[in-house]
$ cat start_24.txt   # compact mmCIF, C-alpha atoms
# COMPACT_ATOMS: atom_id res chain seq x y z
CA MET A 25 57.31 -4.07 6.83
CA THR A 26 55.88 -6.93 8.84
CA PRO A 27 53.50 -5.65 11.50
CA SER A 28 53.96 -7.09 14.92
CA ARG A 29 51.17 -9.13 16.47
CA ARG A 30 50.35 -6.14 18.67
CA ASP A 31 50.06 -3.78 15.68
CA PHE A 32 47.92 -6.24 13.77
CA LEU A 33 45.47 -6.53 16.64
CA LYS A 34 45.34 -2.73 16.97
CA ILE A 35 44.50 -2.29 13.28
CA ALA A 36 41.92 -5.06 13.39
CA GLY A 37 40.32 -3.49 16.47
CA ILE A 38 40.13 -0.02 14.97
CA SER A 39 38.70 -1.39 11.70
CA THR A 40 35.97 -3.25 13.58
CA LEU A 41 35.13 -0.14 15.63
CA SER A 42 34.87 2.03 12.53
CA LEU A 43 32.41 -0.44 11.02
CA VAL A 44 30.26 -0.69 14.12
CA ALA A 45 30.38 2.93 15.31
CA PRO A 46 28.04 4.53 12.71
CA THR A 47 25.17 2.23 13.60
CA ILE A 48 25.60 2.87 17.33
CA ILE A 49 26.15 6.62 17.23
CA SER A 50 23.61 7.20 14.42
CA PRO A 51 24.52 10.66 13.13
CA VAL A 52 22.03 13.50 13.47
CA TRP A 53 21.98 14.14 9.73
CA ALA A 54 20.77 10.60 9.08
CA LYS A 55 17.58 11.10 11.07
CA GLU A 56 14.35 11.75 9.23
CA LYS A 57 13.04 15.18 10.08
CA LEU A 58 9.65 15.02 8.43
CA THR A 59 6.81 14.00 10.71
CA VAL A 60 3.11 13.73 10.22
CA PRO A 61 0.75 14.39 13.14
CA GLY A 62 -0.23 11.22 15.00
CA GLY A 63 -2.46 8.61 13.36
CA LYS A 64 -6.14 8.35 14.17
CA PHE A 65 -7.14 4.73 14.68
CA LEU A 66 -10.60 3.34 14.99
CA THR A 67 -9.84 1.64 18.28
CA ALA A 68 -11.68 -1.22 19.99
CA LYS A 69 -13.55 -1.98 16.82
CA ARG A 70 -13.54 -4.92 14.50
CA TRP A 71 -15.15 -4.76 11.11
CA GLY A 72 -17.05 -7.82 10.02
CA MET A 73 -19.60 -8.87 7.44
CA ALA A 74 -22.62 -11.13 7.45
CA ILE A 75 -23.77 -12.73 4.21
CA ASP A 76 -27.32 -13.98 3.89
CA ALA A 77 -26.88 -15.95 0.69
CA SER A 78 -30.49 -17.14 0.64
CA LYS A 79 -31.35 -13.60 -0.47
CA CYS A 80 -28.91 -13.75 -3.39
CA PRO A 81 -30.90 -13.89 -6.66
CA VAL A 82 -29.66 -16.55 -9.06
CA GLY A 83 -27.16 -15.14 -11.51
CA CYS A 84 -26.75 -11.80 -9.73
CA VAL A 85 -23.19 -10.46 -9.79
CA ASP A 86 -23.85 -6.88 -8.71
CA CYS A 87 -21.45 -7.03 -5.75
CA ILE A 88 -18.67 -8.39 -7.93
CA THR A 89 -19.17 -5.79 -10.64
CA ALA A 90 -19.28 -2.96 -8.10
CA CYS A 91 -16.16 -4.11 -6.26
CA HIS A 92 -14.07 -4.86 -9.29
CA GLY A 93 -15.07 -1.58 -10.94
CA GLU A 94 -14.30 0.43 -7.83
CA HIS A 95 -10.88 -1.15 -7.27
CA ASN A 96 -9.63 -1.40 -10.84
CA VAL A 97 -9.53 -5.19 -10.72
CA PRO A 98 -8.53 -6.46 -14.17
CA ASP A 99 -10.59 -9.01 -16.07
CA ILE A 100 -7.87 -11.06 -17.72
CA GLY A 101 -10.23 -13.79 -18.77
CA ASN A 102 -8.10 -16.83 -18.10
CA PRO A 103 -8.21 -18.74 -14.83
CA LYS A 104 -4.43 -18.95 -14.42
CA ASP A 105 -3.88 -15.19 -14.38
CA GLU A 106 -7.26 -14.37 -12.84
CA VAL A 107 -7.36 -11.55 -10.29
CA LYS A 108 -10.34 -11.49 -7.97
CA TRP A 109 -11.41 -9.66 -4.84
CA ILE A 110 -14.89 -11.10 -4.54
CA TRP A 111 -16.28 -14.03 -6.49
CA GLN A 112 -18.79 -16.88 -6.24
CA GLU A 113 -18.36 -20.51 -5.22
CA LYS A 114 -20.85 -23.30 -4.73
CA PHE A 115 -21.77 -24.30 -1.18
CA PRO A 116 -19.67 -27.54 -1.09
CA ALA A 117 -16.57 -25.56 -2.11
CA VAL A 118 -17.20 -22.82 0.41
CA PHE A 119 -17.96 -25.19 3.28
CA PRO A 120 -16.14 -28.46 2.52
CA HIS A 121 -16.49 -29.72 6.10
CA GLU A 122 -20.18 -28.92 6.36
CA SER A 123 -21.21 -30.62 3.14
CA HIS A 124 -21.86 -34.25 2.30
CA PRO A 125 -23.15 -36.22 -0.73
CA TYR A 126 -26.78 -36.05 0.49
CA LEU A 127 -27.14 -32.26 0.51
CA ARG A 128 -30.41 -30.91 -0.79
CA GLU A 129 -29.91 -30.18 -4.49
CA SER A 130 -30.77 -26.51 -4.10
CA GLN A 131 -28.22 -26.19 -1.33
CA ALA A 132 -25.49 -28.05 -3.23
CA GLN A 133 -26.02 -25.71 -6.17
CA LEU A 134 -26.27 -22.56 -4.01
CA LYS A 135 -23.67 -20.02 -5.02
CA LEU A 136 -22.20 -17.93 -2.23
CA PRO A 137 -20.18 -14.74 -2.59
CA VAL A 138 -16.69 -15.29 -1.18
CA MET A 139 -13.89 -12.85 -0.49
CA CYS A 140 -11.05 -12.25 1.93
CA ASN A 141 -12.29 -13.30 5.37
CA GLN A 142 -10.44 -10.50 7.16
CA CYS A 143 -9.32 -13.07 9.74
CA ALA A 144 -8.73 -12.00 13.30
CA ASN A 145 -5.77 -14.39 13.29
CA PRO A 146 -4.57 -13.98 9.71
CA PRO A 147 -2.01 -16.50 8.44
CA CYS A 148 -1.10 -14.23 5.51
CA VAL A 149 0.10 -11.54 7.91
CA ARG A 150 2.18 -14.05 9.81
CA VAL A 151 4.04 -15.29 6.74
CA CYS A 152 4.58 -11.99 4.92
CA PRO A 153 8.36 -11.43 4.97
CA THR A 154 8.14 -7.69 4.27
CA LYS A 155 5.14 -6.87 6.48
CA SER A 156 3.42 -5.79 3.31
CA THR A 157 0.28 -7.50 4.57
CA PHE A 158 -0.63 -6.22 7.98
CA GLN A 159 -3.57 -6.06 10.32
CA ARG A 160 -5.00 -2.73 11.27
CA GLN A 161 -6.34 -1.98 14.72
CA ASP A 162 -9.88 -2.18 13.39
CA GLY A 163 -9.21 -5.73 12.22
CA ILE A 164 -8.86 -5.03 8.51
CA VAL A 165 -6.15 -7.16 6.97
CA MET A 166 -4.65 -4.76 4.52
CA MET A 167 -1.92 -4.72 1.95
CA ASP A 168 0.75 -2.12 1.40
CA TYR A 169 1.39 -2.72 -2.28
CA HIS A 170 4.50 -0.56 -2.11
CA ARG A 171 6.21 -3.21 -0.03
CA CYS A 172 4.99 -6.35 -1.77
CA ILE A 173 7.85 -8.27 -3.37
CA GLY A 174 5.58 -10.84 -5.01
CA CYS A 175 6.90 -13.84 -3.08
CA ARG A 176 3.37 -15.31 -2.86
CA LEU A 177 3.88 -16.82 0.61
CA CYS A 178 0.56 -15.22 1.57
CA MET A 179 -1.16 -17.03 -1.27
CA ALA A 180 0.19 -20.31 0.05
CA ALA A 181 -0.84 -19.41 3.59
CA CYS A 182 -4.38 -18.27 2.86
CA PRO A 183 -6.76 -21.22 3.23
CA TYR A 184 -9.47 -19.39 1.29
CA GLY A 185 -7.63 -18.60 -1.93
CA ALA A 186 -8.54 -14.97 -1.38
CA ARG A 187 -5.33 -13.60 -2.83
CA SER A 188 -4.41 -13.08 -6.44
CA MET A 189 -1.05 -12.50 -8.03
CA ASN A 190 -0.57 -10.06 -10.85
CA TYR A 191 1.33 -12.31 -13.22
CA ARG A 192 1.07 -9.66 -15.92
CA ASP A 193 0.53 -5.94 -16.18
CA PRO A 194 -3.15 -5.48 -15.23
CA LEU A 195 -3.59 -2.07 -16.87
CA PRO A 196 -4.66 -3.25 -20.37
CA PHE A 197 -7.30 -5.54 -18.82
CA ILE A 198 -9.14 -2.89 -16.83
CA ALA A 199 -12.25 -2.01 -18.78
CA LYS A 200 -12.92 1.35 -17.12
CA LEU A 201 -10.32 2.97 -14.93
CA ASN A 202 -11.44 4.46 -11.64
CA PRO A 203 -9.01 7.36 -11.19
CA ASP A 204 -9.75 7.54 -7.45
CA PHE A 205 -8.10 4.21 -6.73
CA PRO A 206 -4.61 3.10 -7.75
CA THR A 207 -4.13 0.07 -9.95
CA ARG A 208 -1.60 -2.58 -9.11
CA THR A 209 1.48 -3.44 -11.05
CA LYS A 210 2.95 -6.66 -12.34
CA GLY A 211 4.47 -8.76 -9.57
CA VAL A 212 2.33 -7.81 -6.59
CA VAL A 213 -0.35 -9.80 -4.81
CA GLU A 214 -3.71 -8.22 -4.12
CA LYS A 215 -6.92 -8.89 -2.23
CA CYS A 216 -10.06 -7.36 -0.78
CA ASN A 217 -9.35 -4.47 1.59
CA PHE A 218 -12.87 -4.24 3.09
CA CYS A 219 -13.12 -0.93 1.21
CA GLU A 220 -10.93 0.81 3.72
CA GLU A 221 -10.70 3.77 1.31
CA ARG A 222 -14.50 4.09 1.41
CA LEU A 223 -14.71 3.72 5.19
CA VAL A 224 -12.57 6.84 5.68
CA ARG A 225 -15.07 8.70 3.52
CA GLY A 226 -17.91 7.38 5.66
CA LEU A 227 -19.24 4.99 3.03
CA GLN A 228 -20.16 1.32 3.31
CA PRO A 229 -18.12 -1.15 1.25
CA ALA A 230 -18.91 -1.15 -2.46
CA CYS A 231 -20.34 -4.69 -2.45
CA VAL A 232 -22.68 -3.89 0.45
CA GLU A 233 -23.89 -0.73 -1.22
CA ALA A 234 -24.39 -2.48 -4.56
CA CYS A 235 -26.50 -5.33 -3.14
CA ARG A 236 -30.17 -4.66 -3.93
CA GLU A 237 -31.38 -7.51 -1.71
CA LYS A 238 -29.43 -6.33 1.36
CA ALA A 239 -27.83 -9.76 1.54
CA LEU A 240 -24.55 -8.27 2.75
CA ILE A 241 -24.47 -6.60 6.15
CA PHE A 242 -21.37 -4.77 7.25
CA GLY A 243 -20.68 -3.56 10.76
CA ASP A 244 -18.74 -3.50 13.97
CA MET A 245 -18.40 -6.92 15.59
CA GLU A 246 -17.36 -5.42 18.92
CA ASN A 247 -20.48 -3.32 19.26
CA PRO A 248 -23.18 -5.54 20.86
CA ARG A 249 -25.97 -3.32 19.49
CA SER A 250 -24.81 -3.18 15.90
CA GLU A 251 -27.06 -4.58 13.18
CA ILE A 252 -24.57 -7.27 12.31
CA ARG A 253 -24.27 -8.48 15.91
CA LEU A 254 -28.03 -8.71 16.33
CA LEU A 255 -28.27 -10.57 13.06
CA ILE A 256 -25.62 -13.19 13.78
CA GLU A 257 -26.92 -13.67 17.31
CA ASN A 258 -30.41 -14.48 16.02
CA ARG A 259 -29.67 -16.45 12.88
CA PHE A 260 -27.63 -19.63 12.56
CA ASN A 261 -24.39 -18.88 10.79
CA LEU A 262 -21.17 -20.50 9.68
CA ARG A 263 -17.69 -19.27 9.11
CA ARG A 264 -15.44 -20.72 6.46
CA ARG A 265 -13.09 -23.40 7.80
CA ALA A 266 -13.22 -21.95 11.31
CA ASN A 267 -11.52 -25.10 12.62
CA LEU A 268 -8.24 -23.80 11.21
CA GLY A 269 -8.18 -21.13 13.90
CA THR A 270 -8.00 -18.16 11.56
CA GLN A 271 -11.11 -16.61 13.13
CA PRO A 272 -12.64 -15.37 9.89
CA GLN A 273 -14.87 -12.30 10.17
CA ILE A 274 -17.25 -13.14 7.34
CA TYR A 275 -20.34 -14.84 8.76
CA TYR A 276 -22.53 -16.84 6.40
CA ILE A 277 -26.16 -17.09 7.43
CA VAL A 278 -27.37 -20.46 6.18
CA MET B 13 55.07 0.02 13.10
CA LYS B 14 57.57 2.41 11.50
CA LEU B 15 56.30 5.28 9.47
CA SER B 16 59.34 5.57 7.21
CA ASN B 17 57.28 6.42 4.13
CA LEU B 18 55.22 9.15 5.78
CA GLY B 19 55.49 11.36 2.70
CA LYS B 20 53.93 8.82 0.40
CA ILE B 21 51.14 8.11 2.83
CA ALA B 22 50.37 11.83 3.20
CA ALA B 23 50.36 12.29 -0.57
CA GLY B 24 48.04 9.29 -0.92
CA ILE B 25 45.63 10.65 1.67
CA LEU B 26 45.69 14.06 -0.01
CA ILE B 27 44.83 12.57 -3.42
CA PHE B 28 42.07 10.50 -1.79
CA VAL B 29 40.55 13.57 -0.10
CA VAL B 30 40.72 15.60 -3.31
CA LEU B 31 39.00 12.85 -5.27
CA ILE B 32 36.31 12.16 -2.72
CA THR B 33 35.36 15.82 -2.40
CA PHE B 34 35.49 16.28 -6.18
CA LEU B 35 31.72 16.56 -6.54
CA PHE B 36 31.52 19.23 -3.87
CA TRP B 37 34.07 21.68 -5.30
CA TYR B 38 33.97 20.95 -9.01
CA GLY B 39 30.63 22.49 -9.84
CA LYS B 40 30.95 25.34 -7.35
CA GLY B 41 30.48 28.79 -8.83
CA LYS B 42 29.29 27.47 -12.16
CA THR B 43 25.80 28.39 -13.21
CA PHE B 44 23.49 25.84 -14.68
CA PRO B 45 20.42 26.74 -16.71
CA GLN B 46 17.29 26.49 -14.58
CA LEU B 47 14.84 23.88 -15.75
CA ALA B 48 11.69 25.51 -16.98
CA LEU B 49 8.94 23.82 -15.00
CA SER B 50 5.54 24.83 -16.21
CA LEU B 51 3.05 25.96 -13.58
CA ASP B 52 0.54 26.86 -16.25
CA THR B 53 -2.44 24.72 -15.32
CA PRO B 54 -6.08 25.76 -14.82
CA ALA B 55 -6.05 24.69 -11.16
CA ILE B 56 -2.95 26.74 -10.34
CA ALA B 57 -4.26 29.75 -12.29
CA GLN B 58 -7.32 29.77 -10.03
CA LEU B 59 -5.27 29.79 -6.83
CA LYS B 60 -5.10 33.18 -5.13
CA ASP B 61 -2.09 32.31 -3.00
CA LYS B 62 0.20 30.33 -5.27
CA ARG B 63 1.75 28.16 -2.61
CA CYS B 64 2.30 24.41 -2.68
CA VAL B 65 1.75 22.21 0.36
CA GLU B 66 4.98 23.54 1.83
CA ASP B 67 7.18 26.32 0.44
CA THR B 68 8.77 25.87 -2.97
CA LYS B 69 12.32 25.39 -1.73
CA PHE B 70 11.26 22.61 0.63
CA MET B 71 9.07 20.94 -1.97
CA ARG B 72 11.80 21.04 -4.59
CA ALA B 73 14.26 19.28 -2.30
CA ASN B 74 11.97 17.07 -0.24
CA HIS B 75 8.80 16.26 -2.18
CA MET B 76 9.80 12.59 -2.40
CA LYS B 77 10.34 12.37 1.34
CA LEU B 78 7.03 14.11 1.95
CA LEU B 79 5.29 11.62 -0.33
CA VAL B 80 6.89 8.68 1.47
CA THR B 81 5.75 10.14 4.80
CA TRP B 82 2.25 10.56 3.39
CA ARG B 83 2.30 7.00 2.11
CA GLU B 84 3.31 5.55 5.47
CA ALA B 85 0.77 7.69 7.32
CA ALA B 86 -2.11 6.91 4.98
CA VAL B 87 -1.53 3.23 4.25
CA ARG B 88 -0.06 1.95 7.48
CA ASN B 89 -1.61 4.29 10.04
CA GLY B 90 -4.83 5.22 8.27
CA ASN B 91 -4.10 8.91 8.76
CA ARG B 92 -4.92 10.64 5.51
CA LEU B 93 -4.74 14.25 6.57
CA TYR B 94 -1.55 16.24 6.53
CA SER B 95 -1.34 19.57 8.29
CA ALA B 96 1.22 21.81 6.64
CA THR B 97 3.52 24.09 8.61
CA ASP B 98 1.23 27.05 7.92
CA GLY B 99 -1.75 25.19 9.35
CA ARG B 100 -3.55 24.25 6.16
CA ILE B 101 -4.86 20.69 6.02
CA PHE B 102 -4.27 18.55 2.94
CA GLU B 103 -5.46 15.14 1.99
CA ALA B 104 -2.38 12.94 1.70
CA ARG B 105 -2.89 11.78 -1.85
CA LEU B 106 -0.63 11.81 -4.87
CA SER B 107 -3.30 11.76 -7.55
CA GLY B 108 -5.96 13.64 -5.60
CA THR B 109 -3.85 16.43 -4.09
CA CYS B 110 -0.56 16.80 -5.99
CA LEU B 111 -1.74 16.04 -9.49
CA LYS B 112 -4.93 18.05 -9.09
CA CYS B 113 -2.86 21.23 -9.32
CA HIS B 114 0.09 19.85 -11.27
CA SER B 115 -2.08 18.36 -13.95
CA ASN B 116 0.71 18.80 -16.52
CA LYS B 117 2.87 15.85 -15.58
CA GLN B 118 5.00 16.03 -18.71
CA GLN B 119 5.90 19.67 -18.28
CA PHE B 120 6.30 19.47 -14.52
CA CYS B 121 7.15 16.09 -12.97
CA ASP B 122 8.76 14.41 -15.96
CA ARG B 123 10.91 17.35 -16.99
CA CYS B 124 12.93 17.30 -13.78
CA HIS B 125 12.87 13.55 -13.33
CA ASN B 126 14.25 13.06 -16.84
CA TYR B 127 16.92 15.70 -16.30
CA VAL B 128 18.31 14.05 -13.16
CA GLY B 129 17.66 10.51 -14.42
CA ALA B 130 15.21 9.71 -11.63
CA LYS B 131 12.77 6.95 -12.45
CA PRO B 132 10.09 7.04 -9.77
CA ASN B 133 7.70 4.10 -10.09
CA CYS B 134 4.80 5.97 -8.46
CA PHE B 135 2.93 6.32 -11.71
CA SER B 136 2.89 2.63 -12.57
CA CYS B 137 0.01 2.22 -10.11
CA HIS B 138 -1.16 5.73 -9.24
CA ILE B 139 -2.85 6.20 -12.53
CA ILE B 140 -3.23 9.64 -13.88
CA PRO B 141 -6.10 10.85 -16.02
CA ALA B 142 -5.50 10.43 -19.74
CA GLU B 143 -5.25 14.18 -20.39
CA VAL B 144 -2.47 14.43 -17.80
CA ARG B 145 -0.60 11.41 -19.07
CA LYS B 146 0.10 12.83 -22.51
$ encode --input "start_24.txt" --output "structure tokens"
Amino acid sequence: MTPSRRDFLKIAGISTLSLVAPTIISPVWAKEKLTVPGGKFLTAKRWGMAIDASKCPVGCVDCITACHGEHNVPDIGNPKDEVKWIWQEKFPAVFPHESHPYLRESQAQLKLPVMCNQCANPPCVRVCPTKSTFQRQDGIVMMDYHRCIGCRLCMAACPYGARSMNYRDPLPFIAKLNPDFPTRTKGVVEKCNFCEERLVRGLQPACVEACREKALIFGDMENPRSEIRLLIENRFNLRRRANLGTQPQIYYIV
Amino acid sequence: MKLSNLGKIAAGILIFVVLITFLFWYGKGKTFPQLALSLDTPAIAQLKDKRCVEDTKFMRANHMKLLVTWREAAVRNGNRLYSATDGRIFEARLSGTCLKCHSNKQQFCDRCHNYVGAKPNCFSCHIIPAEVRK
């Protein structure tokens, strides 16, 4: 049986319709029925941090220990697989554009704590193909590890090297597990989350709380009377590679 | 288009329908042994009203959907509280809320997951205390 041209077109038309129809009509049984009452956002706020590194005692790593213990960050012990949320760099590495060969020796050797800058214009969010990295309304650049596919575009995009890939299963390298915070798994990227899990419990970030010298000040950048605003208005401060337009929210008092 | 072989087409459609609905009528009426899920944990023993977040029937069928909803609400929207249909408020946490009562993962979660061949990857990150893991 050879279908006529007319019949062929009819069959082709009906086939196309049957393919397209389900997406247009969207059956009732396909709709998700579970709902959770509306989200509570911290609106019109932007979390930021000021770091007064001159207060940092030489050799002190309290903030790093506190953060990495709190968030189950593994200590793999080799720089290739290293996972870090907060770490230390020397001044010329932190501020390459602000340093020169004639820096005072103490300044050239000054170690500053560095972490994710929680940019107001985050390049990692822009490149993430799965929207695994996203920006919350309170400015925190956060990761949804469930969605991360490990493509590492964010690592390429981040000008601060603030992101680490789990090249291997981190679990055996965590000295003491904190059961209140999930670990990550092999194949996802991770970074500092500004202790968003502590903020909902009304606590300051772990690094801020751990700092004995009060060198880290955490607060709301949008509130003109907050401690952090008063501090950065009165003291000269720098932001890392601000010329890139990422608008980092970590302010270094130098 | 002539439908000279209408009989064959009808027979073909009939066989197709029978095959595609196979799963719906084959097991009907048969009884399967109920999986014995252990609710014998200290936390559950202390509960006066032994009720999960929602009722048992809903939880049995939809706990994975509930957890996904919790995940989206907590991670993406920062909303960590879930109000159940009976008005109770729960913290939307797998390890903090679910596993606090169901602290016997092997006799509860795993038993069913193994039976149906489900391999949820929740527990690769949401670590469970050592006594629960065994």
$ interface_residues --input "start_24.txt" --of "chain B" --to "chain A" --cutoff "6 Å" --atoms "all atoms listed in the file" --output "mmCIF file with C-alpha atoms, keeping the file's coordinate frame"
data_model
loop_
_atom_site.group_PDB
_atom_site.id
_atom_site.type_symbol
_atom_site.label_atom_id
_atom_site.label_comp_id
_atom_site.auth_asym_id
_atom_site.auth_seq_id
_atom_site.Cartn_x
_atom_site.Cartn_y
_atom_site.Cartn_z
ATOM 1 C CA ASN B 89 -1.610 4.290 10.040
ATOM 2 C CA ASN B 91 -4.100 8.910 8.760
ATOM 3 C CA CYS B 137 0.010 2.220 -10.110
ATOM 4 C CA HIS B 138 -1.160 5.730 -9.240
ATOM 5 C CA ILE B 139 -2.850 6.200 -12.530
#
$ atom_distance --input "start_24.txt" --atom1 "CA of Pro146 (chain A)" --atom2 "CA of Tyr191 (chain A)"
23.7 Å
$ residues_around --input "start_24.txt" --residues "region 252-260 of chain A" --least-positions-apart "4" --cutoff "6 Å" --atoms "all atoms listed in the file" --output "number ranges by chain"
A: 243, 248, 277
$ atom_distance --input "start_24.txt" --atom1 "CA of Thr89 (chain A)" --atom2 "CA of Phe242 (chain A)"
18.1 Å
$ closest_residue --input "start_24.txt" --among "A:Val107, A:Cys84, A:Leu227, A:Val149" --to "Gly185 (chain A)" --atoms "only C-alpha atoms"
A:Val107
$ atom_distance --input "start_24.txt" --atom1 "CA of Gly39 (chain B)" --atom2 "CA of His125 (chain B)"
20.2 Å
$ residues_around --input "start_24.txt" --residues "Val151 (chain A)" --least-positions-apart "5" --cutoff "9 Å" --atoms "only C-alpha atoms" --output "PyMOL selection string"
chain A and resi 157+177-178+181
$ write_last_selection --input "start_24.txt" --atoms "C-alpha atoms" --output "tab-separated table (two decimals), in the coordinates of the input"
chain	number	residue	atom	x	y	z
A	157	THR	CA	0.28	-7.50	4.57
A	177	LEU	CA	3.88	-16.82	0.61
A	178	CYS	CA	0.56	-15.22	1.57
A	181	ALA	CA	-0.84	-19.41	3.59
$ axis_aligned_box --input "start_24.txt" --around "region 244-249 of chain A" --padding-each-side "3 Å" --output "AutoDock Vina command-line options"
--center_x -21.7 --center_y -5.1 --center_z 17.4 --size_x 14.6 --size_y 9.6 --size_z 12.9
$ residues_around --input "start_24.txt" --residues "Arg123 (chain B)" --least-positions-apart "4" --cutoff "10 Å" --atoms "only C-alpha atoms" --output "count of residues only"
10
$ residues_around --input "start_24.txt" --residues "Met73 (chain A)" --least-positions-apart "3" --cutoff "7 Å" --atoms "all atoms listed in the file" --output "count of residues only"
7
$ residues_near_point --input "start_24.txt" --point "(6.1, 8.9, -9.1)" --cutoff "10 Å" --atoms "only C-alpha atoms" --output "PyMOL selection string"
chain B and resi 76+79+106-107+121-122+125+130-139
